[in-house]
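A.B. asks: Let me give you the structure first, and then I'll get to my questions.
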Amino acid sequence: MITIQNVSKTYGKNKVKALDNINLEVRDGEIFGFLGPNGAGKTTTIKLITGILNMDEGSILVNGIDVNKNPIEAKKQIGYVPDNPEIFNRLTGLEYLNFIGDVFEMDSKERAEKIMELAEEFEIKSALKESISSYSHGMKQKLVLIGALMHNPPVWILDEPMVGLDPKSAFTLKKMMRQHADSGKTVFFSTHVMEVAEKVCDRIGIIKGGRIIFVGTVEELKERKNDESLENIFLELIENE
Amino acid sequence: MSNGLNLAKIYINSSYGLSKFIRDLKYNKKNAAKTIGLILLILFSLSGMFGMYLYFNIKMYDLLKTINQQGAVITLAVVSASILTLMFGILTVIANYFYNQEGDIILALPIKKMDLLFAKFINAYIIELIVTLVFMGVGVGVYGIKSGEGILFYIVSIIATIFIPLIPLSICYFLIIPLMRYGNLTKKKDLFMILGGLLGVLIAVVYQLLVNKFANTNAGPEELIKSLMRENGLIDIVGRIYYPSIWISNGILKYKSLSGNLYLLAFVLLSILVVYLLLLSTSNLYYSSVIGSSEITKKNREIKTEELDRVFKKRRPLSSLFSREMKLMNREPVYFLNGPFVVLLLPLILVIMFTVNKQSFGQIDSLINGSKNIKYMLLISTGLMMFVGSTTSITSTCISREGSGIYVLKSLPIRPVDLIKAKFIHGAFFGFVASIIVGVLLLYLNVPFYIIFLSFVIGNLYLFVIYLVGIILELNWPKLVWDNPQKPMKQNVNAVFIIFINFALIGINYLITKNISQTILILAFFIIPIILLLCAYIYLNKNIERLYNRL
């Protein structure tokens with residue numbers, strides 16, 4: 001579960017408000033889709049949850065652990081996929097995953113099993129011994145996904161995880177997200193693809209200009225807007241709100 | 001050519017950050033001040049070399065004036081600028097291939113092949129022009145002032161200077177393009193970077209040897225001037241092989257006469273013609289050498305079941321972080337050559353200098369052993385260890401080198417103190433290696449073992465201080481936004497600053513050595529770094545979480 005309470009964040013000397021007093025609760029057992037136009041505050045929200053950025057005010061709890069007060073324990077709950085999979089290009093895929101395993105203190109057997117299983121699923125087993133710099137964007141995305149999921153974190157936070165994935169891997173990921181949520185855990189992900197949001201998410205949140213303008217199910221949103229397509233409703237919302 | 005010029009503008013801006021600097025001047029004075037500070041620091045660090053060259057030119061003018069040959073000052077400037085443009089040109093052209101700014105986006109644009117090469121050429125030309133300006137500036141300045149030349153002399157000289165790099169740089173492209181195309185070398189980036197680095201080292205060693213040779217002969221610059229001027233001397237040889245250098249000299253020196261003007265005109269036209277020929281004849285070849293440069297051959301090496309135990313091994317987070325630091329640094333040629341490699345390089349240069357130049361060896365030997373003065377032996381030994389150990393820039397670039405990767409690290413449950421410990425150990429490890437290598441060198445110079453041992457301990461204490469200060473600087477002012485690894489390493493003000501701090505500490509040690517007795521000195525040599533170390537440690541310990549979270 002993720003609880004965001006009265007969180008605000010400004011950037012730079014000019015105090016540009018990236019997030020303006022947002023409140024949000026992502027429950028156990030649900031896939032929560034986070035939608036919004038470019039620059040709305042999606043990635044900033046995700047970076048605050050994962051402890052990459054400091055918030056100006058408010059608090060964020062991940063499974064009841066305060067990200068500010070106990071960052072290490074909070075981060076242990078999280079598997080995070082950043083929006084840009086450019087990571088340590090001079091390491092091999094295997095070295096990167098071993099590093100992640102060490103940081104999460106996974107034992108050798110457990111990590112071997114999990115890495116091999118995920119690498120098989122995402123079809124990059126044969127590339128793990130190669131340098132990450134030789135990977136395509138999609139392969140890097142798969143590697144980062146494996147790194148985020150291999151330690152069985154209860155909370156998945158995925159920033160645009162489908163970008164660069166081939167259809168089979170995207171399908172695999174969606175299936176895994178469903179299984180994860182069905183086992184009572186949390187998936188929070190941002191996306192621009194309405195179709196994915198509509199099909200995969202239990203609930204969605206829409207953010208614009210640093211404020212959350214809607215939280216609920218896709219059906220609730222459609223009811224409010226006379227059963228238009230999600231795409232149309234989304235466009236309407238971000239223009240009018 | 002307008003597309004070529006537009007592209008050149010983009011390349012120049014991305015390589016030298018000119019428009020960012022102008023923007024900073026208007027809107028972000030702090031950043032602009034940092035850039036100016038960095039440029040001044042670099043200029044200051046080169047000032048010794050520059051001063052020597054200036055002194056040499058003045059001396060040369062005075063000496064040659066007596067036989068009415070002072071024009072050779074200009075010829076030497078032209079020859080030096082041409083040779084250096086050729087040498088640096090090769091490095092620049094190779095580097096431009098590998099930090100390929102065109103990426104696939106530029107290649108996909110409807111830009112003519114000739115424009116692509118033209119833009120690259122202009123980008124490389126800028127750096128060569130700076131080198132040429134320095135060498136010509138000194139020669140022309142000394143000659144012009146001492147001969148009381150008028151404004152026309154300087155105008156002609158500036159025109160000549162602008163055209164000097166064109167032919168040598170074209171020669172570099174004529175050599176490198178076919179090599180890249182037919183040798184399929186664009187995929188061997190790392191190898192080339194290392195070879196390029198070694199070529200740079202070779203130039204530095206040869207330079208040091210020359211400086212040493214002439215600094216230690218009693219005749220001083222006169223000897224060098226004679227050897228430059230004699231038949232088959234440098235000027236004569238270059239003049240014969242690269243005849244246009246004589247045209248430029250004549251063009252500048254005889255600027256008042258028609259023949260001089262014709263020489264200059266001939267040189268300008270020849271330069272333009274060579275560049276045009278380059279663009280005409282090698283644009284296609286250049287294009288095919290950059291096309292496919294980003295292709296990667298995959299080896300497909302499966303992990304076998306019997307390997308699992310070996311490849312998946314649990315390590316403690318700190319040891320894993322340390323291993324990551326080592327791999328990321330040693331596998332990136334720019335980091336390796338400017339970091340750990342320096343630990344091997346500097347002592348190697350010293351050994352070569354001592355071996356080739358016995359006289360300087362004798363001087364050092366007598367300096368260290370002659371007086372049998374423990375104080376100075378300790379000062380020199382410690383200073384050498386501090387100098388070599390601090391030039392690796394490992395900790396003073398440790399956060400900047402992470403670039404955007406720092407955000408991945410911040411998302412992981414890594415204790416900031418563990419990450420910083422790993423970075424400190426990484427620096428200290430090469431500090432130890434540096435001290436051991438310098439220790440062996442000192443042993444070779446017959447320095448008593450106990451002095452080496454004491455220096456090892458004191459030197460490393462000081463290095464610990466320097467490493468911690470490097471980390472503190474990096475945590476406060478990291479350079480995280482960069483598009484090629486040269487920037488966090490070679491354009492990092494923290495790294496330059498740390499080298500100055502190191503010199504300041506060595507300077508303080510010298511003052512102490514001069515003014516206090518031996519017993520107190522040894523005590524002071526231990527106490528000072530321990531106090532500094534404590535201060536740095538307390539500051540870091542208190543602020544580490546805050547500084548890390550702020551990154």
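Following the order of the structure tokens, first chain is A, next is B, and so on, with residues numbered from 1 inside each chain and ligands from 1 in the order they appear.
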Sorted by chain and rising residue number, list the residues of chain B at most 6 Å from chain A (counting only C-alpha atoms), each with its closest atom pair and distance in Å to one decimal, as CSV.

C.D. replies:
residue,atom,partner,partner_atom,distance
B:Asn300,CA,A:Ser126,CA,5.0
B:Arg301,CA,A:Ser126,CA,5.4
B:Glu302,CA,A:Ser126,CA,4.4
B:Phe312,CA,A:Ser108,CA,5.5
B:Lys313,CA,A:Ser108,CA,5.1
B:Lys314,CA,A:Ser108,CA,5.1
B:Arg315,CA,A:Asp102,CA,5.7
B:Pro317,CA,A:Val103,CA,5.2
B:Leu328,CA,A:Arg90,CA,5.7
B:Gly405,CA,A:Ile87,CA,5.7
B:Tyr407,CA,A:Ile52,CA,5.9
B:Lys410,CA,A:Ile52,CA,5.3
B:Ser411,CA,A:Thr50,CA,5.3
B:Pro413,CA,A:Ile72,CA,4.6

A.B. asks: Just want the 12 Å neighbourhood of range 38-41 of chain B, counted on only C-alpha atoms, with same-chain residues fewer than 5 positions away dropped. Output as a list in words.

C.D. replies: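 Those residues are Tyr16, Phe21, Asn31, Ala32, Ala33, Leu46, Ser47, Lys490, Gln491, Asn492, Val493, Asn494, Ala495, Val496, Phe497, Ile498, Ile499 and Phe500 of chain B.
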
A.B. asks: Keeping only all heavy atoms, take the residues you just selected and write them out as a compact mmCIF listing (two decimals), in the first residue's frame.

C.D. replies:
# COMPACT_ATOMS: atom_id res chain seq x y z
N TYR B 16 31.46 22.58 -26.95
CA TYR B 16 32.11 23.60 -26.11
C TYR B 16 31.13 24.35 -25.20
O TYR B 16 31.54 25.19 -24.41
CB TYR B 16 32.87 24.60 -27.00
CG TYR B 16 33.77 23.92 -27.99
CD1 TYR B 16 33.42 23.79 -29.32
CD2 TYR B 16 34.99 23.37 -27.59
CE1 TYR B 16 34.24 23.14 -30.23
CE2 TYR B 16 35.81 22.71 -28.48
CZ TYR B 16 35.44 22.60 -29.81
OH TYR B 16 36.25 21.96 -30.70
N PHE B 21 26.90 28.79 -22.05
CA PHE B 21 27.68 29.78 -21.30
C PHE B 21 27.06 31.17 -21.45
O PHE B 21 26.91 31.90 -20.46
CB PHE B 21 29.12 29.76 -21.79
CG PHE B 21 29.99 30.77 -21.11
CD1 PHE B 21 30.26 30.67 -19.74
CD2 PHE B 21 30.55 31.84 -21.80
CE1 PHE B 21 31.04 31.61 -19.09
CE2 PHE B 21 31.33 32.78 -21.16
CZ PHE B 21 31.58 32.66 -19.81
N ASN B 31 26.55 29.68 -12.41
CA ASN B 31 27.10 28.69 -13.33
C ASN B 31 28.15 29.30 -14.23
O ASN B 31 29.19 28.69 -14.50
CB ASN B 31 25.97 28.11 -14.21
CG ASN B 31 25.43 26.84 -13.63
OD1 ASN B 31 25.91 26.38 -12.59
ND2 ASN B 31 24.44 26.27 -14.28
N ALA B 32 27.88 30.52 -14.69
CA ALA B 32 28.82 31.20 -15.57
C ALA B 32 30.14 31.44 -14.82
O ALA B 32 31.23 31.23 -15.37
CB ALA B 32 28.24 32.52 -16.05
N ALA B 33 30.02 31.83 -13.56
CA ALA B 33 31.22 32.07 -12.75
C ALA B 33 32.02 30.79 -12.59
O ALA B 33 33.25 30.80 -12.65
CB ALA B 33 30.83 32.62 -11.39
N LEU B 46 48.35 25.74 -16.86
CA LEU B 46 49.20 25.68 -18.06
C LEU B 46 50.19 26.85 -18.10
O LEU B 46 51.02 26.92 -18.99
CB LEU B 46 48.31 25.73 -19.32
CG LEU B 46 47.43 24.52 -19.58
CD1 LEU B 46 46.52 24.77 -20.77
CD2 LEU B 46 48.26 23.28 -19.85
N SER B 47 50.05 27.74 -17.11
CA SER B 47 50.83 28.97 -17.19
C SER B 47 52.34 28.71 -17.13
O SER B 47 53.12 29.44 -17.74
CB SER B 47 50.40 29.94 -16.09
OG SER B 47 50.61 29.33 -14.85
N LYS B 490 37.20 15.36 -17.00
CA LYS B 490 38.21 16.33 -17.40
C LYS B 490 37.71 17.77 -17.32
O LYS B 490 38.50 18.70 -17.36
CB LYS B 490 38.68 16.03 -18.82
CG LYS B 490 39.49 14.73 -18.86
CD LYS B 490 39.72 14.25 -20.26
CE LYS B 490 41.00 14.81 -20.84
NZ LYS B 490 41.27 14.17 -22.15
N GLN B 491 36.39 17.94 -17.26
CA GLN B 491 35.89 19.32 -17.16
C GLN B 491 35.24 19.52 -15.80
O GLN B 491 34.27 20.24 -15.68
CB GLN B 491 34.88 19.58 -18.29
CG GLN B 491 35.52 19.52 -19.66
CD GLN B 491 34.51 19.59 -20.77
OE1 GLN B 491 33.39 20.05 -20.60
NE2 GLN B 491 34.89 19.10 -21.94
N ASN B 492 35.78 18.85 -14.82
CA ASN B 492 35.19 18.90 -13.48
C ASN B 492 36.03 19.80 -12.58
O ASN B 492 37.19 19.48 -12.28
CB ASN B 492 35.10 17.47 -12.93
CG ASN B 492 34.28 17.41 -11.67
OD1 ASN B 492 34.12 18.40 -10.97
ND2 ASN B 492 33.76 16.24 -11.36
N VAL B 493 35.44 20.88 -12.15
CA VAL B 493 36.19 21.86 -11.35
C VAL B 493 36.65 21.24 -10.02
O VAL B 493 37.70 21.59 -9.50
CB VAL B 493 35.34 23.14 -11.17
CG1 VAL B 493 34.24 22.95 -10.19
CG2 VAL B 493 36.20 24.31 -10.78
N ASN B 494 35.88 20.27 -9.50
CA ASN B 494 36.27 19.63 -8.24
C ASN B 494 37.62 18.93 -8.35
O ASN B 494 38.44 18.98 -7.44
CB ASN B 494 35.21 18.61 -7.79
CG ASN B 494 33.89 19.27 -7.47
OD1 ASN B 494 33.87 20.45 -7.11
ND2 ASN B 494 32.80 18.55 -7.62
N ALA B 495 37.84 18.26 -9.50
CA ALA B 495 39.10 17.53 -9.70
C ALA B 495 40.27 18.50 -9.75
O ALA B 495 41.33 18.24 -9.16
CB ALA B 495 39.02 16.71 -10.97
N VAL B 496 40.06 19.63 -10.43
CA VAL B 496 41.14 20.63 -10.53
C VAL B 496 41.41 21.22 -9.14
O VAL B 496 42.55 21.38 -8.72
CB VAL B 496 40.74 21.76 -11.52
CG1 VAL B 496 41.88 22.74 -11.72
CG2 VAL B 496 40.33 21.18 -12.86
N PHE B 497 40.32 21.49 -8.43
CA PHE B 497 40.41 22.10 -7.10
C PHE B 497 41.21 21.21 -6.15
O PHE B 497 42.05 21.69 -5.39
CB PHE B 497 38.99 22.31 -6.58
CG PHE B 497 38.91 23.36 -5.52
CD1 PHE B 497 39.26 24.66 -5.80
CD2 PHE B 497 38.49 23.05 -4.24
CE1 PHE B 497 39.20 25.64 -4.82
CE2 PHE B 497 38.43 24.00 -3.25
CZ PHE B 497 38.79 25.30 -3.54
N ILE B 498 40.96 19.90 -6.22
CA ILE B 498 41.64 18.97 -5.32
C ILE B 498 43.14 18.95 -5.58
O ILE B 498 43.95 18.87 -4.64
CB ILE B 498 41.02 17.55 -5.50
CG1 ILE B 498 39.84 17.38 -4.58
CG2 ILE B 498 42.02 16.44 -5.28
CD1 ILE B 498 40.15 17.49 -3.10
N ILE B 499 43.53 19.07 -6.84
CA ILE B 499 44.97 19.09 -7.14
C ILE B 499 45.60 20.35 -6.53
O ILE B 499 46.69 20.29 -5.97
CB ILE B 499 45.20 18.98 -8.67
CG1 ILE B 499 44.77 17.57 -9.11
CG2 ILE B 499 46.66 19.25 -9.05
CD1 ILE B 499 44.74 17.31 -10.57
N PHE B 500 44.85 21.45 -6.55
CA PHE B 500 45.36 22.67 -5.92
C PHE B 500 45.45 22.53 -4.40
O PHE B 500 46.40 22.99 -3.78
CB PHE B 500 44.49 23.87 -6.30
CG PHE B 500 44.88 24.43 -7.63
CD1 PHE B 500 44.26 24.01 -8.78
CD2 PHE B 500 45.90 25.36 -7.74
CE1 PHE B 500 44.63 24.49 -10.02
CE2 PHE B 500 46.29 25.85 -8.97
CZ PHE B 500 45.65 25.41 -10.11

A.B. asks: As a PDB file with N, CA and C atoms, in the first residue's frame, please: every residue in range 8-95 of chain A that a backbone DSSP assignment puts in strand (DSSP E).

C.D. replies:
ATOM      1  N   SER A   8       3.767  18.222  -1.422  1.00  0.00           N
ATOM      2  CA  SER A   8       4.068  19.298  -2.381  1.00  0.00           C
ATOM      3  C   SER A   8       5.545  19.247  -2.732  1.00  0.00           C
ATOM      4  N   LYS A   9       5.828  19.673  -3.947  1.00  0.00           N
ATOM      5  CA  LYS A   9       7.233  19.692  -4.384  1.00  0.00           C
ATOM      6  C   LYS A   9       7.439  20.853  -5.345  1.00  0.00           C
ATOM      7  N   THR A  10       8.457  21.656  -5.089  1.00  0.00           N
ATOM      8  CA  THR A  10       8.790  22.735  -6.028  1.00  0.00           C
ATOM      9  C   THR A  10      10.202  22.517  -6.546  1.00  0.00           C
ATOM     10  N   TYR A  11      10.451  23.038  -7.739  1.00  0.00           N
ATOM     11  CA  TYR A  11      11.772  22.916  -8.342  1.00  0.00           C
ATOM     12  C   TYR A  11      12.416  24.281  -8.509  1.00  0.00           C
ATOM     13  N   VAL A  16       9.022  26.623  -9.000  1.00  0.00           N
ATOM     14  CA  VAL A  16       7.981  26.111  -9.894  1.00  0.00           C
ATOM     15  C   VAL A  16       7.323  24.915  -9.202  1.00  0.00           C
ATOM     16  N   LYS A  17       5.999  24.978  -9.050  1.00  0.00           N
ATOM     17  CA  LYS A  17       5.299  23.917  -8.313  1.00  0.00           C
ATOM     18  C   LYS A  17       5.100  22.704  -9.206  1.00  0.00           C
ATOM     19  N   ALA A  18       5.783  21.622  -8.876  1.00  0.00           N
ATOM     20  CA  ALA A  18       5.619  20.394  -9.662  1.00  0.00           C
ATOM     21  C   ALA A  18       4.470  19.570  -9.093  1.00  0.00           C
ATOM     22  N   LEU A  19       4.335  19.590  -7.775  1.00  0.00           N
ATOM     23  CA  LEU A  19       3.211  18.901  -7.124  1.00  0.00           C
ATOM     24  C   LEU A  19       2.615  19.844  -6.092  1.00  0.00           C
ATOM     25  N   ASP A  20       1.273  19.921  -6.109  1.00  0.00           N
ATOM     26  CA  ASP A  20       0.626  20.896  -5.243  1.00  0.00           C
ATOM     27  C   ASP A  20      -0.342  20.185  -4.298  1.00  0.00           C
ATOM     28  N   ASN A  21       0.169  19.856  -3.133  1.00  0.00           N
ATOM     29  CA  ASN A  21      -0.654  19.278  -2.068  1.00  0.00           C
ATOM     30  C   ASN A  21      -1.453  18.050  -2.541  1.00  0.00           C
ATOM     31  N   ILE A  22      -0.758  17.044  -3.013  1.00  0.00           N
ATOM     32  CA  ILE A  22      -1.498  15.880  -3.517  1.00  0.00           C
ATOM     33  C   ILE A  22      -1.730  14.841  -2.409  1.00  0.00           C
ATOM     34  N   ASN A  23      -2.874  14.174  -2.525  1.00  0.00           N
ATOM     35  CA  ASN A  23      -3.248  13.094  -1.611  1.00  0.00           C
ATOM     36  C   ASN A  23      -3.675  11.901  -2.451  1.00  0.00           C
ATOM     37  N   LEU A  24      -3.181  10.724  -2.070  1.00  0.00           N
ATOM     38  CA  LEU A  24      -3.512   9.552  -2.875  1.00  0.00           C
ATOM     39  C   LEU A  24      -3.283   8.298  -2.036  1.00  0.00           C
ATOM     40  N   GLU A  25      -4.175   7.324  -2.241  1.00  0.00           N
ATOM     41  CA  GLU A  25      -3.935   6.042  -1.561  1.00  0.00           C
ATOM     42  C   GLU A  25      -4.013   4.931  -2.599  1.00  0.00           C
ATOM     43  N   VAL A  26      -2.938   4.175  -2.705  1.00  0.00           N
ATOM     44  CA  VAL A  26      -2.929   3.021  -3.609  1.00  0.00           C
ATOM     45  C   VAL A  26      -3.015   1.781  -2.722  1.00  0.00           C
ATOM     46  N   ILE A  31      -3.960  -2.788  -9.140  1.00  0.00           N
ATOM     47  CA  ILE A  31      -3.054  -2.160 -10.116  1.00  0.00           C
ATOM     48  C   ILE A  31      -3.564  -0.736 -10.295  1.00  0.00           C
ATOM     49  N   PHE A  32      -2.717   0.213  -9.985  1.00  0.00           N
ATOM     50  CA  PHE A  32      -3.123   1.612 -10.058  1.00  0.00           C
ATOM     51  C   PHE A  32      -2.388   2.286 -11.213  1.00  0.00           C
ATOM     52  N   GLY A  33      -3.133   2.821 -12.160  1.00  0.00           N
ATOM     53  CA  GLY A  33      -2.525   3.503 -13.305  1.00  0.00           C
ATOM     54  C   GLY A  33      -2.476   5.002 -13.067  1.00  0.00           C
ATOM     55  N   PHE A  34      -1.346   5.585 -13.342  1.00  0.00           N
ATOM     56  CA  PHE A  34      -1.171   7.017 -13.097  1.00  0.00           C
ATOM     57  C   PHE A  34      -1.043   7.705 -14.452  1.00  0.00           C
ATOM     58  N   LEU A  35      -1.998   8.547 -14.771  1.00  0.00           N
ATOM     59  CA  LEU A  35      -2.052   9.161 -16.095  1.00  0.00           C
ATOM     60  C   LEU A  35      -1.912  10.672 -16.008  1.00  0.00           C
ATOM     61  N   GLU A  57       6.840  19.325   1.517  1.00  0.00           N
ATOM     62  CA  GLU A  57       5.987  19.057   2.682  1.00  0.00           C
ATOM     63  C   GLU A  57       5.141  17.825   2.430  1.00  0.00           C
ATOM     64  N   GLY A  58       4.567  17.299   3.485  1.00  0.00           N
ATOM     65  CA  GLY A  58       3.732  16.106   3.369  1.00  0.00           C
ATOM     66  C   GLY A  58       4.504  14.850   3.724  1.00  0.00           C
ATOM     67  N   SER A  59       3.846  13.710   3.531  1.00  0.00           N
ATOM     68  CA  SER A  59       4.536  12.455   3.837  1.00  0.00           C
ATOM     69  C   SER A  59       4.071  11.355   2.884  1.00  0.00           C
ATOM     70  N   ILE A  60       4.950  10.382   2.701  1.00  0.00           N
ATOM     71  CA  ILE A  60       4.608   9.228   1.869  1.00  0.00           C
ATOM     72  C   ILE A  60       4.932   7.967   2.659  1.00  0.00           C
ATOM     73  N   LEU A  61       3.953   7.070   2.736  1.00  0.00           N
ATOM     74  CA  LEU A  61       4.167   5.806   3.436  1.00  0.00           C
ATOM     75  C   LEU A  61       4.102   4.664   2.422  1.00  0.00           C
ATOM     76  N   VAL A  62       5.086   3.784   2.474  1.00  0.00           N
ATOM     77  CA  VAL A  62       5.051   2.591   1.629  1.00  0.00           C
ATOM     78  C   VAL A  62       4.897   1.403   2.562  1.00  0.00           C
ATOM     79  N   ILE A  65       5.583   2.339   6.005  1.00  0.00           N
ATOM     80  CA  ILE A  65       6.910   2.858   6.372  1.00  0.00           C
ATOM     81  C   ILE A  65       7.107   4.234   5.733  1.00  0.00           C
ATOM     82  N   ASP A  66       7.485   5.202   6.557  1.00  0.00           N
ATOM     83  CA  ASP A  66       7.659   6.569   6.072  1.00  0.00           C
ATOM     84  C   ASP A  66       8.942   6.686   5.230  1.00  0.00           C
ATOM     85  N   ILE A  78      10.199  -1.734  -2.278  1.00  0.00           N
ATOM     86  CA  ILE A  78       9.873  -1.255  -3.632  1.00  0.00           C
ATOM     87  C   ILE A  78      10.715  -1.926  -4.719  1.00  0.00           C
ATOM     88  N   GLY A  79      10.057  -2.252  -5.823  1.00  0.00           N
ATOM     89  CA  GLY A  79      10.765  -2.595  -7.057  1.00  0.00           C
ATOM     90  C   GLY A  79      10.466  -1.487  -8.035  1.00  0.00           C
ATOM     91  N   TYR A  80      11.511  -0.780  -8.491  1.00  0.00           N
ATOM     92  CA  TYR A  80      11.284   0.444  -9.274  1.00  0.00           C
ATOM     93  C   TYR A  80      11.880   0.334 -10.673  1.00  0.00           C
ATOM     94  N   VAL A  81      11.077   0.701 -11.652  1.00  0.00           N
ATOM     95  CA  VAL A  81      11.577   0.781 -13.031  1.00  0.00           C
ATOM     96  C   VAL A  81      11.532   2.251 -13.449  1.00  0.00           C
TER      97      VAL A  81
END

A.B. asks: Select from range 76-226 of chain A everything DSSP, run on the backbone, classes as alpha helix (DSSP H), then give the selection as a PyMOL selection string.

C.D. replies: chain A and resi 76+93-103+108-121+137-149+167-182+194-200+218-224

A.B. asks: Give me, as a PyMOL selection string, all polymer residues having an atom no more than 12 Å from Lys487 in chain B, counting only C-alpha atoms and skipping those fewer than 5 positions away in the same chain.

C.D. replies: chain B and resi 14-17+99+334-335+338+397+400-403+478-482+492-495

A.B. asks: Write out as a compact mmCIF listing (two decimals) with N, CA, C and O atoms, in the first residue's frame each polymer residue whose atoms come within 12 Å of Leu18 in chain B, counting only C-alpha atoms; drop sequence neighbours fewer than 5 positions from it.

C.D. replies:
# COMPACT_ATOMS: atom_id res chain seq x y z
N LYS B 9 27.36 24.55 -36.17
CA LYS B 9 26.98 25.37 -35.01
C LYS B 9 26.49 24.47 -33.88
O LYS B 9 26.83 24.66 -32.71
N ILE B 10 25.68 23.48 -34.25
CA ILE B 10 25.15 22.56 -33.23
C ILE B 10 26.29 21.76 -32.60
O ILE B 10 26.36 21.62 -31.37
N TYR B 11 27.19 21.25 -33.43
CA TYR B 11 28.33 20.49 -32.90
C TYR B 11 29.17 21.35 -31.95
O TYR B 11 29.56 20.91 -30.87
N ILE B 12 29.44 22.58 -32.39
CA ILE B 12 30.30 23.46 -31.58
C ILE B 12 29.62 23.76 -30.24
O ILE B 12 30.24 23.69 -29.18
N ASN B 13 28.32 24.03 -30.31
CA ASN B 13 27.59 24.30 -29.08
C ASN B 13 27.59 23.11 -28.15
O ASN B 13 27.76 23.24 -26.94
N ARG B 23 23.97 31.82 -22.18
CA ARG B 23 22.70 31.80 -21.43
C ARG B 23 22.96 31.97 -19.94
O ARG B 23 22.30 32.74 -19.25
N ASP B 24 24.01 31.23 -19.45
CA ASP B 24 24.36 31.33 -18.03
C ASP B 24 24.76 32.76 -17.66
O ASP B 24 24.43 33.24 -16.58
N LEU B 25 25.49 33.41 -18.57
CA LEU B 25 25.91 34.79 -18.30
C LEU B 25 24.71 35.69 -18.05
O LEU B 25 24.75 36.58 -17.22
N ALA B 32 27.88 30.52 -14.69
CA ALA B 32 28.82 31.20 -15.57
C ALA B 32 30.14 31.44 -14.82
O ALA B 32 31.23 31.23 -15.37
N THR B 35 32.13 28.28 -14.71
CA THR B 35 32.80 27.99 -15.98
C THR B 35 34.04 28.86 -16.13
O THR B 35 35.11 28.38 -16.49
N ILE B 36 33.89 30.16 -15.80
CA ILE B 36 35.03 31.06 -15.93
C ILE B 36 36.14 30.62 -14.97
O ILE B 36 37.31 30.57 -15.33

A.B. asks: What does the distance between CA of Ser131 in chain A and CA of Ser323 in chain B come to in Å, to one decimal place?

C.D. replies: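 We find that CA of Ser131 in chain A and CA of Ser323 in chain B lie 15.7 Å from each other.
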
A.B. asks: Can you measure CA of Lys113 in chain B to CA of Ser283 in chain B for me? One decimal in Å is fine.

C.D. replies: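 Calculated distance between CA of Lys113 in chain B and CA of Ser283 in chain B is 5.6 Å.
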
A.B. asks: For Arg546 in chain B, list every protein, DNA or RNA residue within 12 Å, evaluated using only C-alpha atoms, and leave out those in the same chain fewer than 3 positions away; present the list as a ChimeraX atom specification.

C.D. replies: /A:53-54,68 /B:416-417,472,475-476,539-543,549-551

A.B. asks: With C-alpha atoms retained, could you export that selection as a PDB file, in the first residue's frame?

C.D. replies:
ATOM      1  CA  LEU A  53      13.721  13.369  -4.546  1.00  0.00           C
ATOM      2  CA  ASN A  54      12.916  15.153  -1.323  1.00  0.00           C
ATOM      3  CA  ASN A  68      11.401  10.294   4.761  1.00  0.00           C
TER       4      ASN A  68
ATOM      5  CA  PRO B 416      24.546   6.704   1.796  1.00  0.00           C
ATOM      6  CA  VAL B 417      27.378   5.945   4.184  1.00  0.00           C
ATOM      7  CA  ILE B 472      32.695  16.518   0.155  1.00  0.00           C
ATOM      8  CA  LEU B 475      28.486  15.811  -2.737  1.00  0.00           C
ATOM      9  CA  ASN B 476      28.060  19.567  -2.645  1.00  0.00           C
ATOM     10  CA  TYR B 539      31.660  17.204   8.600  1.00  0.00           C
ATOM     11  CA  LEU B 540      30.890  14.294   6.314  1.00  0.00           C
ATOM     12  CA  ASN B 541      29.405  12.162   9.031  1.00  0.00           C
ATOM     13  CA  LYS B 542      27.112  14.993  10.069  1.00  0.00           C
ATOM     14  CA  ASN B 543      25.996  15.993   6.578  1.00  0.00           C
ATOM     15  CA  ASN B 549      19.280  13.255  -0.351  1.00  0.00           C
ATOM     16  CA  ARG B 550      19.788  16.627  -1.973  1.00  0.00           C
ATOM     17  CA  LEU B 551      21.541  15.166  -5.050  1.00  0.00           C
TER      18      LEU B 551
END

A.B. asks: Find the residues near range 372-378 of chain B: any atom within 9 Å, counting only C-alpha atoms, skip ones fewer than 5 places away on the same chain, and give them as a ChimeraX atom specification.

C.D. replies: /B:366-367,383,447,451-452,454-455,510,513-514,517-518,521-522

A.B. asks: In Å, rounded to a single decimal, give me how far CA of Leu235 in chain A is from CA of Gly12 in chain A.

C.D. replies: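 Computing it gives 29.2 Å between the two atoms.
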